[in-house]
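File shown: upload37.cif. Contents: mmCIF, C-alpha atoms.
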data_structure
loop_
_atom_site.label_atom_id
_atom_site.label_comp_id
_atom_site.auth_asym_id
_atom_site.auth_seq_id
_atom_site.Cartn_x
_atom_site.Cartn_y
_atom_site.Cartn_z
CA MET A 1 170.61 294.71 255.27
CA GLU A 2 172.34 295.98 252.17
CA GLY A 3 175.26 294.09 250.71
CA VAL A 4 174.20 290.63 251.87
CA ARG A 5 174.98 288.03 249.24
CA PRO A 6 171.99 285.66 248.92
CA ALA A 7 172.66 281.93 249.11
CA ASP A 8 170.30 281.28 246.21
CA ARG A 9 172.85 282.94 243.96
CA TYR A 10 175.51 280.34 244.70
CA SER A 11 176.46 277.96 241.92
CA ALA A 12 174.20 274.93 241.58
CA ARG A 13 177.35 272.82 241.19
CA GLY A 14 177.50 272.49 244.96
CA ASP A 15 173.97 271.09 245.15
CA ILE A 16 175.09 267.49 244.91
CA GLU A 17 174.72 264.58 247.28
CA PRO A 18 177.23 264.33 250.12
CA PHE A 19 179.73 261.52 250.22
CA HIS A 20 177.75 259.56 252.81
CA VAL A 21 180.66 257.39 253.89
CA MET A 22 182.25 260.53 255.31
CA GLU A 23 179.11 261.07 257.36
CA SER A 24 179.39 257.48 258.62
CA MET A 25 183.00 258.22 259.61
CA ASN A 26 181.88 261.36 261.45
CA ALA A 27 179.19 259.44 263.34
CA ALA A 28 181.73 256.76 264.30
CA ALA A 29 184.18 259.42 265.48
CA ALA A 30 181.50 261.03 267.65
CA HIS A 31 180.64 257.62 269.12
CA GLU A 32 184.33 257.12 269.95
CA ARG A 33 184.57 260.54 271.59
CA ALA A 34 181.73 259.43 273.86
CA GLY A 35 184.02 256.69 275.18
CA ASN A 36 183.13 253.73 272.97
CA ARG A 37 185.62 251.52 271.11
CA VAL A 38 184.32 251.33 267.55
CA LEU A 39 185.04 248.52 265.12
CA HIS A 40 185.50 250.37 261.83
CA LEU A 41 183.85 248.58 258.90
CA GLU A 42 182.82 251.82 257.23
CA VAL A 43 186.17 253.15 256.06
CA GLY A 44 187.37 252.33 252.55
CA GLN A 45 191.06 252.48 253.30
CA PRO A 46 193.79 250.11 254.42
CA SER A 47 194.45 249.93 258.16
CA THR A 48 198.18 249.59 257.47
CA PRO A 49 200.73 252.36 256.81
CA ALA A 50 202.60 252.90 253.57
CA PRO A 51 205.33 250.33 252.84
CA LEU A 52 208.59 250.77 254.73
CA ALA A 53 210.51 251.68 251.57
CA VAL A 54 208.01 254.44 250.78
CA ARG A 55 208.39 255.96 254.22
CA ALA A 56 212.17 255.76 253.99
CA ALA A 57 212.11 257.43 250.57
CA ALA A 58 209.93 260.22 251.92
CA LYS A 59 212.34 260.85 254.79
CA ALA A 60 215.28 260.94 252.39
CA ALA A 61 213.45 263.35 250.10
CA LEU A 62 212.74 265.70 252.99
CA ASP A 63 216.48 265.84 253.68
CA ASP A 64 217.68 266.07 250.07
CA ASP A 65 214.93 267.78 248.05
CA ILE A 66 213.45 271.27 248.20
CA ILE A 67 209.98 269.73 247.52
CA GLY A 68 209.02 272.30 244.93
CA TYR A 69 206.56 272.02 242.08
CA THR A 70 206.95 269.29 239.48
CA GLY A 71 205.69 269.29 235.92
CA ALA A 72 201.91 269.07 235.68
CA LEU A 73 202.08 265.51 234.36
CA GLY A 74 204.34 264.33 237.19
CA THR A 75 208.04 263.67 237.57
CA PRO A 76 209.66 261.81 234.67
CA GLU A 77 211.02 259.23 237.12
CA LEU A 78 207.59 258.33 238.51
CA ARG A 79 205.90 258.30 235.11
CA GLU A 80 208.57 255.94 233.82
CA ARG A 81 208.22 253.69 236.87
CA ILE A 82 204.45 253.52 236.46
CA ALA A 83 204.87 252.59 232.80
CA ARG A 84 207.32 249.85 233.77
CA TRP A 85 204.78 248.51 236.26
CA TYR A 86 202.43 247.67 233.39
CA HIS A 87 205.14 245.57 231.77
CA GLU A 88 206.00 243.84 235.06
CA ARG A 89 202.42 243.13 236.14
CA TYR A 90 200.53 242.73 232.87
CA GLY A 91 203.18 242.13 230.21
CA ILE A 92 202.17 245.17 228.13
CA ASP A 93 204.20 248.18 227.04
CA VAL A 94 202.97 251.65 228.00
CA ASP A 95 204.70 254.80 226.81
CA PRO A 96 205.55 256.97 229.87
CA ALA A 97 204.32 259.94 227.84
CA ARG A 98 200.78 258.56 228.26
CA VAL A 99 200.99 258.58 232.07
CA VAL A 100 199.53 261.50 234.05
CA VAL A 101 200.27 261.63 237.77
CA THR A 102 197.29 262.98 239.72
CA THR A 103 196.26 264.02 243.21
CA GLY A 104 194.78 260.64 244.02
CA ALA A 105 192.19 258.92 241.87
CA SER A 106 189.86 261.75 242.89
CA GLY A 107 192.10 264.09 240.93
CA SER A 108 191.96 261.64 238.02
CA CYS A 109 188.17 261.94 238.00
CA VAL A 110 188.26 265.72 237.85
CA LEU A 111 190.83 265.91 235.06
CA ALA A 112 189.43 263.10 232.92
CA PHE A 113 185.76 264.09 233.25
CA LEU A 114 186.56 267.68 232.24
CA ALA A 115 188.79 266.57 229.38
CA LEU A 116 186.38 264.00 227.93
CA TRP A 117 182.86 265.37 228.27
CA ASP A 118 180.97 268.64 227.93
CA PRO A 119 177.92 269.77 229.92
CA GLY A 120 174.79 268.04 228.69
CA GLN A 121 176.56 264.95 227.35
CA ARG A 122 175.33 261.57 228.61
CA VAL A 123 177.68 259.31 230.59
CA GLY A 124 176.67 255.84 231.76
CA VAL A 125 177.42 255.01 235.40
CA ILE A 126 176.97 251.52 236.80
CA GLU A 127 174.93 251.35 239.99
CA PRO A 128 175.97 250.40 242.58
CA SER A 129 179.32 252.12 242.15
CA TYR A 130 181.65 254.67 243.71
CA PRO A 131 179.42 257.71 244.40
CA CYS A 132 181.92 260.37 243.40
CA TYR A 133 181.61 259.38 239.73
CA ARG A 134 177.98 260.38 239.81
CA ASN A 135 178.42 263.43 242.03
CA ASP A 136 181.40 264.84 240.11
CA LEU A 137 179.66 264.40 236.77
CA LYS A 138 176.61 266.23 238.07
CA ALA A 139 178.75 269.06 239.43
CA PHE A 140 180.23 269.48 235.95
CA GLY A 141 176.81 269.59 234.31
CA ILE A 142 177.22 266.20 232.64
CA ASP A 143 174.11 264.02 232.48
CA VAL A 144 174.41 260.83 234.51
CA VAL A 145 172.71 257.79 232.97
CA SER A 146 172.14 255.10 235.59
CA ILE A 147 172.82 251.53 234.52
CA PRO A 148 171.56 249.38 237.42
CA VAL A 149 173.08 245.94 237.94
CA ASP A 150 172.10 243.24 240.41
CA ALA A 151 172.66 239.65 241.42
CA GLU A 152 171.07 238.34 238.21
CA THR A 153 174.26 239.25 236.30
CA ASP A 154 176.59 239.00 239.32
CA PHE A 155 176.53 242.80 239.44
CA ARG A 156 178.24 243.09 236.05
CA PRO A 157 176.77 245.27 233.26
CA THR A 158 175.79 243.71 229.96
CA VAL A 159 175.74 245.10 226.44
CA GLU A 160 171.97 244.70 226.46
CA GLN A 161 171.83 247.11 229.39
CA LEU A 162 174.11 249.53 227.55
CA ASP A 163 171.83 249.39 224.52
CA ALA A 164 168.81 250.03 226.73
CA ALA A 165 170.45 253.14 228.22
CA GLY A 166 170.07 255.05 224.98
CA PRO A 167 172.78 257.05 223.20
CA LEU A 168 175.85 257.51 225.39
CA ASP A 169 178.85 259.80 225.07
CA GLY A 170 180.76 258.05 227.82
CA LEU A 171 180.85 255.07 230.15
CA ILE A 172 182.58 254.52 233.49
CA LEU A 173 183.49 250.99 234.54
CA ALA A 174 185.38 249.67 237.57
CA SER A 175 187.21 246.41 238.07
CA PRO A 176 187.30 245.36 240.87
CA SER A 177 184.25 247.37 241.83
CA ASN A 178 183.58 249.40 244.90
CA PRO A 179 181.27 248.32 246.60
CA THR A 180 180.62 244.86 245.15
CA GLY A 181 184.17 243.55 244.73
CA VAL A 182 183.22 242.27 241.27
CA ILE A 183 185.93 241.85 238.63
CA LEU A 184 185.34 242.39 234.93
CA HIS A 185 187.10 239.35 233.52
CA GLU A 186 188.71 239.48 230.08
CA GLU A 187 185.59 238.20 228.32
CA HIS A 188 183.45 240.87 230.01
CA LEU A 189 185.91 243.66 229.20
CA THR A 190 186.20 242.50 225.61
CA GLU A 191 182.44 242.55 225.16
CA LEU A 192 181.83 245.89 226.89
CA LEU A 193 184.78 247.70 225.31
CA GLY A 194 183.91 246.28 221.91
CA TRP A 195 180.41 247.73 222.27
CA ALA A 196 181.84 251.10 223.29
CA SER A 197 184.24 251.17 220.35
CA ALA A 198 181.45 250.33 217.91
CA HIS A 199 179.33 253.18 219.34
CA ALA A 200 182.20 255.74 219.59
CA VAL A 201 181.80 255.97 223.37
CA HIS A 202 184.71 257.21 225.50
CA VAL A 203 185.36 254.74 228.33
CA ILE A 204 187.07 255.15 231.69
CA VAL A 205 188.02 251.99 233.57
CA ASP A 206 188.81 252.50 237.24
CA GLU A 207 191.44 249.95 238.29
CA ILE A 208 192.40 251.36 241.69
CA TYR A 209 191.73 248.01 243.40
CA HIS A 210 194.04 246.07 241.10
CA GLY A 211 196.35 243.98 243.24
CA LEU A 212 193.59 243.57 245.83
CA THR A 213 192.12 240.40 244.34
CA PHE A 214 191.67 236.93 245.76
CA ASP A 215 190.98 234.28 243.13
CA ILE A 216 191.99 235.80 239.82
CA GLU A 217 194.39 238.46 238.53
CA PRO A 218 192.22 240.79 236.46
CA PRO A 219 193.51 242.07 233.14
CA THR A 220 194.10 245.76 232.71
CA ALA A 221 191.65 247.24 230.23
CA LEU A 222 194.67 248.56 228.30
CA ALA A 223 195.41 244.97 227.25
CA VAL A 224 191.97 244.79 225.64
CA ASP A 225 191.57 248.28 224.17
CA ASP A 226 194.50 250.70 223.99
CA GLU A 227 192.18 253.70 223.54
CA VAL A 228 190.45 253.52 226.92
CA VAL A 229 191.33 255.81 229.81
CA VAL A 230 192.51 253.92 232.89
CA PHE A 231 192.71 255.16 236.47
CA ASN A 232 194.86 253.73 239.21
CA SER A 233 196.04 254.91 242.59
CA PHE A 234 198.58 254.40 245.33
CA SER A 235 195.79 254.47 247.92
CA LYS A 236 194.58 250.88 248.07
CA TYR A 237 197.11 248.18 247.15
CA PHE A 238 200.04 250.37 248.24
CA SER A 239 198.30 251.59 251.46
CA MET A 240 198.91 255.27 250.67
CA THR A 241 195.48 256.92 251.00
CA GLY A 242 196.60 260.14 252.68
CA TRP A 243 199.53 260.62 250.35
CA ARG A 244 197.04 261.67 247.66
CA LEU A 245 198.72 260.12 244.66
CA GLY A 246 197.20 258.43 241.62
CA TRP A 247 197.59 258.21 237.89
CA ILE A 248 195.86 258.12 234.53
CA VAL A 249 196.94 256.26 231.42
CA ALA A 250 195.31 257.95 228.45
CA PRO A 251 195.50 257.95 224.65
CA PRO A 252 198.21 260.32 223.34
CA THR A 253 195.62 262.65 221.82
CA LEU A 254 194.09 263.30 225.26
CA ILE A 255 197.36 264.08 227.06
CA PRO A 256 197.64 267.78 226.04
CA ARG A 257 194.13 268.46 227.36
CA LEU A 258 194.86 266.68 230.63
CA GLU A 259 198.12 268.59 230.98
CA ARG A 260 196.50 272.00 230.46
CA LEU A 261 193.77 271.19 232.97
CA ALA A 262 196.32 269.93 235.51
CA GLN A 263 198.46 273.05 235.07
CA ASN A 264 195.52 275.26 235.91
CA LEU A 265 193.72 273.18 238.54
CA THR A 266 196.51 271.70 240.67
CA ILE A 267 199.90 272.68 239.12
CA SER A 268 201.14 269.23 240.13
CA ALA A 269 200.47 266.29 242.40
CA PRO A 270 202.22 266.42 245.82
CA THR A 271 205.94 266.33 245.17
CA LEU A 272 206.91 264.49 248.35
CA SER A 273 204.42 261.75 247.54
CA GLN A 274 205.78 261.46 244.01
CA ARG A 275 209.35 261.08 245.26
CA ALA A 276 208.30 258.42 247.76
CA GLY A 277 205.84 256.67 245.48
CA ILE A 278 208.54 255.33 243.20
CA ALA A 279 209.60 252.96 245.98
CA ALA A 280 206.09 251.49 246.29
CA PHE A 281 206.48 249.38 243.17
CA ASP A 282 209.31 247.40 244.77
CA ALA A 283 207.27 246.64 247.91
CA ARG A 284 205.07 243.92 246.45
CA GLU A 285 205.90 241.35 249.14
CA GLU A 286 204.76 243.71 251.90
CA CYS A 287 201.64 244.70 249.97
CA ASP A 288 200.75 241.11 249.15
CA GLU A 289 200.89 240.26 252.86
CA ASN A 290 198.12 242.81 253.33
CA VAL A 291 196.10 241.18 250.56
CA ALA A 292 196.46 237.79 252.25
CA ARG A 293 195.00 239.34 255.41
CA TYR A 294 192.10 240.81 253.43
CA ARG A 295 191.38 237.34 252.07
CA ARG A 296 191.27 235.89 255.57
CA ASN A 297 189.06 238.77 256.69
CA ARG A 298 186.73 238.23 253.74
CA ASN A 299 186.30 234.56 254.50
CA SER A 300 185.82 235.20 258.21
CA MET A 301 183.20 237.90 257.69
CA LEU A 302 181.35 235.92 255.03
CA GLY A 303 181.08 233.02 257.41
CA SER A 304 179.83 235.27 260.20
CA LEU A 305 177.29 237.00 257.98
CA ARG A 306 175.77 233.74 256.88
CA LEU A 307 175.50 232.54 260.46
CA ALA A 308 173.79 235.87 261.14
CA GLY A 309 171.23 235.21 258.39
CA PHE A 310 172.69 237.42 255.65
CA HIS A 311 172.77 235.19 252.57
CA SER A 312 172.60 237.57 249.62
CA ILE A 313 176.08 239.03 249.19
CA ALA A 314 177.73 240.25 245.98
CA PRO A 315 180.71 238.30 244.61
CA ALA A 316 183.72 239.49 246.60
CA GLU A 317 186.45 238.75 244.05
CA GLY A 318 188.52 241.82 244.86
CA ALA A 319 188.76 245.14 246.73
CA PHE A 320 188.07 244.92 250.47
CA TYR A 321 184.30 245.26 250.74
CA LEU A 322 181.22 243.12 251.15
CA TRP A 323 177.95 244.36 249.59
CA VAL A 324 175.26 242.83 251.77
CA ASP A 325 171.51 242.69 251.11
CA ILE A 326 169.79 243.53 254.41
CA ALA A 327 166.17 243.76 253.16
CA HIS A 328 165.02 240.78 255.27
CA THR A 329 165.84 242.64 258.50
CA GLY A 330 162.93 245.06 258.00
CA PHE A 331 165.27 248.03 258.50
CA THR A 332 166.56 250.49 255.96
CA ALA A 333 170.32 250.50 255.59
CA SER A 334 170.54 253.90 257.29
CA GLU A 335 168.50 252.65 260.25
CA LEU A 336 170.48 249.43 260.50
CA CYS A 337 173.86 251.18 260.42
CA ARG A 338 172.67 253.56 263.11
CA ARG A 339 171.51 250.64 265.30
CA TRP A 340 174.75 248.71 264.80
CA LEU A 341 176.79 251.73 265.85
CA GLU A 342 174.66 252.41 268.92
CA GLU A 343 174.12 248.81 270.00
CA LEU A 344 177.21 246.95 268.76
CA ASP A 345 179.86 249.68 268.38
CA ILE A 346 180.18 248.63 264.71
CA ALA A 347 180.46 251.34 262.06
CA ALA A 348 179.16 250.42 258.60
CA THR A 349 178.15 252.37 255.50
CA PRO A 350 174.55 252.44 254.19
CA GLY A 351 174.22 251.62 250.51
CA ILE A 352 172.63 254.94 249.52
CA ASP A 353 176.10 256.25 248.72
CA PHE A 354 176.54 253.69 245.97
CA ASP A 355 172.99 253.30 244.67
CA PRO A 356 170.60 256.20 245.33
CA VAL A 357 167.56 254.19 244.21
CA ARG A 358 168.06 250.73 245.77
CA GLY A 359 170.79 251.51 248.27
CA GLU A 360 168.65 251.44 251.40
CA ARG A 361 168.44 247.64 251.10
CA PHE A 362 172.23 247.20 251.15
CA VAL A 363 175.08 247.79 253.58
CA ARG A 364 178.74 248.00 252.60
CA LEU A 365 181.20 246.47 255.04
CA SER A 366 184.93 247.13 254.77
CA ILE A 367 187.18 244.20 255.64
CA ALA A 368 190.40 246.22 255.61
CA GLY A 369 190.84 246.20 259.40
CA SER A 370 192.77 243.84 261.64
CA GLU A 371 191.82 240.18 261.76
CA ALA A 372 190.92 240.53 265.43
CA ASP A 373 188.52 243.39 264.72
CA ILE A 374 186.87 241.59 261.81
CA ASP A 375 186.42 238.41 263.86
CA GLU A 376 185.00 240.40 266.78
CA ALA A 377 182.62 242.35 264.51
CA GLY A 378 181.40 239.07 263.02
CA ALA A 379 180.77 237.60 266.45
CA ARG A 380 178.78 240.67 267.50
CA LEU A 381 176.66 240.48 264.33
CA ILE A 382 175.93 236.81 264.96
CA GLY A 383 174.81 237.57 268.50
CA TRP A 384 172.70 240.53 267.37
CA ALA A 385 170.98 238.45 264.70
CA ARG A 386 170.30 235.62 267.14
CA ASP A 387 168.77 238.04 269.64
CA SER A 388 166.71 239.61 266.84
CA GLY A 389 165.52 236.25 265.42
CA LEU A 390 167.15 236.95 262.05
CA ASP A 391 169.71 234.12 261.94
CA ALA A 392 167.78 231.85 259.57
CA PRO A 393 169.85 229.36 257.50
CA GLY A 394 170.48 230.09 253.81
CA GLN A 395 171.72 228.33 250.71
CA GLU A 396 174.55 230.37 249.25
CA GLU A 397 178.12 229.23 249.52
CA GLU A 398 180.92 231.65 250.30
CA PRO A 399 183.75 232.32 247.82
CA GLY A 400 186.87 230.25 248.37
#
In structure tokens, how does this file's structure come out?
Amino acid sequence: MEGVRPADRYSARGDIEPFHVMESMNAAAAHERAGNRVLHLEVGQPSTPAPLAVRAAAKAALDDDIIGYTGALGTPELRERIARWYHERYGIDVDPARVVVTTGASGSCVLAFLALWDPGQRVGVIEPSYPCYRNDLKAFGIDVVSIPVDAETDFRPTVEQLDAAGPLDGLILASPSNPTGVILHEEHLTELLGWASAHAVHVIVDEIYHGLTFDIEPPTALAVDDEVVVFNSFSKYFSMTGWRLGWIVAPPTLIPRLERLAQNLTISAPTLSQRAGIAAFDAREECDENVARYRRNRNSMLGSLRLAGFHSIAPAEGAFYLWVDIAHTGFTASELCRRWLEELDIAATPGIDFDPVRGERFVRLSIAGSEADIDEAGARLIGWARDSGLDAPGQEEEPG
């Protein structure tokens, strides 16, 4: 038939891995449609709505604002409030002119990756880590250099590993990390950013889980090196995933490039979200109550996992995930997640999203749900392990 456009002429940019957690969500949704009540441990989002003040501000904006475009960098009011947040939380001064409001941290990835690196340049990505770093870079023709970390270094990269990766043009770090919950403490940041500065490597530090920490308040990378690019988002600590609002803090020399890209790719971040987002920074008490619940959920699930025979778990210092080694079960992570959904009505995410090489020996569990759901999921896992003969005692102690 003439005029048919062949699929093999589509851009190769779309030939990237799927975001597997979305497939886990789809499987869980199908299981629910079949009449099952699913305990959701697969979803990387808060189970709580946006703070009350945010919702009130959004309602007021709908009544009083035409909700038109804003400047590509965001409203002056929100950029100024974000800058003030750095002084309030970290005691450092950030010029509002360095703040770029984005369509979620996903939008930050698109803008920053395009502004920093050209096709063929080499960017180091820690594995395990958030899969969209790797997938976005590949879509843009940027070479991804895997830097695998494991329990030997508490899932933190070392400068020796960076040296072994060969020449790099860029490096992406996260603190706290998704999926391991590991924080890069000040001494780690100082060492890694010092290495990057000495080797003229552009660094992005993803800080979207700041605020969601249990035993230590991590420093912002901006307090260690003012030339890094930092991401943050309203999605996690502020419980605003669907509002699609995030930000970048970047060196002044990068701002014009980010602005031109934003003008052409998105025009601006959602205006209603920007108007409402200003109120989020004054809702710390409400947000911190959520964090206290995540802490209780973490401790509950850690206890349940160890009773179920899962004893190799990454340090869970922040975020709301547990990265669990399941190799002793004899199942791949994909098989195990499928069994848990079918047999226990528990939805979990196989580790292949976060580590394409070693991920089938890990499962990521989200602890962002209600305490009742987390306790119930833990009880079901204990019973499943007992019935399967997998509940052998172990040695590790859980975090406090």
For this file, the PyMOL selection byres ((chain A and resi 284) around 12) selects which residues, as a ChimeraX atom specification? /A:50-54,85,88-89,211-212,237-239,279-283,285-291
Calculate how many Å separate CA of His185 in chain A from CA of Asp325 in chain A, rounding to one decimal. 23.7 Å
Could you write out as a PyMOL selection string the residues that the PyMOL selection byres ((chain A and resi 144) around 10) matches in the shown file? chain A and resi 120-126+133-138+141-143+145-147+168+170-171
Using all atoms listed in the file, can you list as a ChimeraX atom specification the residues within 10 Å of (191.5, 240.4, 254.2)? /A:46,212-214,289-301,318-321,366-371,374
Target residues per the PyMOL selection byres ((chain A and resi 180) around 7), formatted as a PyMOL selection string: chain A and resi 177-179+181-182+314-316+321-323
I need the chosen residues saved as a JSON list (two decimals), in the coordinates of the input, with C-alpha atoms.
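Once everything was written out, this is part-v3.json:
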[["chain", "number", "residue", "atom", "x", "y", "z"],
["A", 177, "SER", "CA", 184.25, 247.37, 241.83],
["A", 178, "ASN", "CA", 183.58, 249.40, 244.90],
["A", 179, "PRO", "CA", 181.27, 248.32, 246.60],
["A", 181, "GLY", "CA", 184.17, 243.55, 244.73],
["A", 182, "VAL", "CA", 183.22, 242.27, 241.27],
["A", 314, "ALA", "CA", 177.73, 240.25, 245.98],
["A", 315, "PRO", "CA", 180.71, 238.30, 244.61],
["A", 316, "ALA", "CA", 183.72, 239.49, 246.60],
["A", 321, "TYR", "CA", 184.30, 245.26, 250.74],
["A", 322, "LEU", "CA", 181.22, 243.12, 251.15],
["A", 323, "TRP", "CA", 177.95, 244.36, 249.59]]
Closest pair table for range 145-264 of chain A residues within 8 Å of range 63-80 of chain A, only C-alpha atoms, as a Markdown table:
| residue | atom | partner | partner_atom | distance |
| --- | --- | --- | --- | --- |
| A:Glu259 | CA | A:Leu73 | CA | 6.0 |
| A:Ala262 | CA | A:Ala72 | CA | 5.7 |
| A:Gln263 | CA | A:Ala72 | CA | 5.3 |
Give me a file of those residues, with C-alpha atoms, as a compact mmCIF listing (two decimals), in the coordinates of the input.
# COMPACT_ATOMS: atom_id res chain seq x y z
CA GLU A 259 198.12 268.59 230.98
CA ALA A 262 196.32 269.93 235.51
CA GLN A 263 198.46 273.05 235.07
re CA of Ala372 in chain A and CA of Phe354 in chain A: distance 27.5 Å
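Proximity to Gln161 in chain A was assessed for A:Cys132, A:Ala29, A:Ala57, A:Leu192 counting all atoms listed in the file; the smallest distance is recorded for A:Leu192.
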Quick one: residues within 7 Å of range 30-43 of chain A, all atoms listed in the file, excluding same-chain residues fewer than 4 positions away - as a PyMOL selection string? chain A and resi 21+24-26+345-349+365-367+373+377
Write out as a PyMOL selection string each polymer residue whose atoms come within 9 Å of Arg156 in chain A, counting all atoms listed in the file; drop sequence neighbours fewer than 3 positions from it. chain A and resi 126+149-153+182-184+188
Counting all atoms listed in the file, the option among A:Ile326, A:Ala221, A:Leu302, A:Leu189 closest to Gly378 in chain A: A:Leu302
What's around Leu114 in chain A at 10 Å? Count only C-alpha atoms, leave out sequence neighbours fewer than 5 positions away in its own chain, and write the answer as a tab-separated table (two decimals) with C-alpha atoms, in the coordinates of the input.
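Output contents, as saved in part-v8.tsv:
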chain	number	residue	atom	x	y	z
A	108	SER	CA	191.96	261.64	238.02
A	109	CYS	CA	188.17	261.94	238.00
A	119	PRO	CA	177.92	269.77	229.92
A	136	ASP	CA	181.40	264.84	240.11
A	137	LEU	CA	179.66	264.40	236.77
A	140	PHE	CA	180.23	269.48	235.95
A	142	ILE	CA	177.22	266.20	232.64
A	257	ARG	CA	194.13	268.46	227.36
A	258	LEU	CA	194.86	266.68	230.63
A	261	LEU	CA	193.77	271.19	232.97
As JSON, what would the box around range 43-53 of chain A look like: edges along x, y and z, 3 Å added on every side, centre and edge lengths in Å to one decimal?
{"center_x": 198.3, "center_y": 251.4, "center_z": 254.9, "size_x": 30.3, "size_y": 9.6, "size_z": 12.6}
CA of Met240 in chain A to CA of Val205 in chain A measures 20.5 Å
Within 12 Å of Gly104 in chain A, counting all atoms listed in the file, which residues show up once you throw out same-chain ones fewer than 5 positions away? Write them as a short mmCIF file (atom, residue, chain, number, x, y, z; two decimals) with C-alpha atoms, in the coordinates of the input, please.
data_model
loop_
_atom_site.label_atom_id
_atom_site.label_comp_id
_atom_site.auth_asym_id
_atom_site.auth_seq_id
_atom_site.Cartn_x
_atom_site.Cartn_y
_atom_site.Cartn_z
CA CYS A 109 188.17 261.94 238.00
CA VAL A 110 188.26 265.72 237.85
CA LEU A 111 190.83 265.91 235.06
CA ILE A 208 192.40 251.36 241.69
CA PHE A 231 192.71 255.16 236.47
CA ASN A 232 194.86 253.73 239.21
CA SER A 233 196.04 254.91 242.59
CA PHE A 234 198.58 254.40 245.33
CA SER A 235 195.79 254.47 247.92
CA LYS A 236 194.58 250.88 248.07
CA MET A 240 198.91 255.27 250.67
CA THR A 241 195.48 256.92 251.00
CA GLY A 242 196.60 260.14 252.68
CA TRP A 243 199.53 260.62 250.35
CA ARG A 244 197.04 261.67 247.66
CA LEU A 245 198.72 260.12 244.66
CA GLY A 246 197.20 258.43 241.62
CA TRP A 247 197.59 258.21 237.89
CA ILE A 248 195.86 258.12 234.53
CA THR A 266 196.51 271.70 240.67
CA SER A 268 201.14 269.23 240.13
CA ALA A 269 200.47 266.29 242.40
CA PRO A 270 202.22 266.42 245.82
CA SER A 273 204.42 261.75 247.54
CA GLN A 274 205.78 261.46 244.01
CA GLY A 277 205.84 256.67 245.48
#
Spatial neighbours of Asp95 in chain A, max dist 12 Å, only C-alpha atoms, sep filter under 5 positions, as a PyMOL selection string: chain A and resi 76+79-87+100+222+226+249-252+255
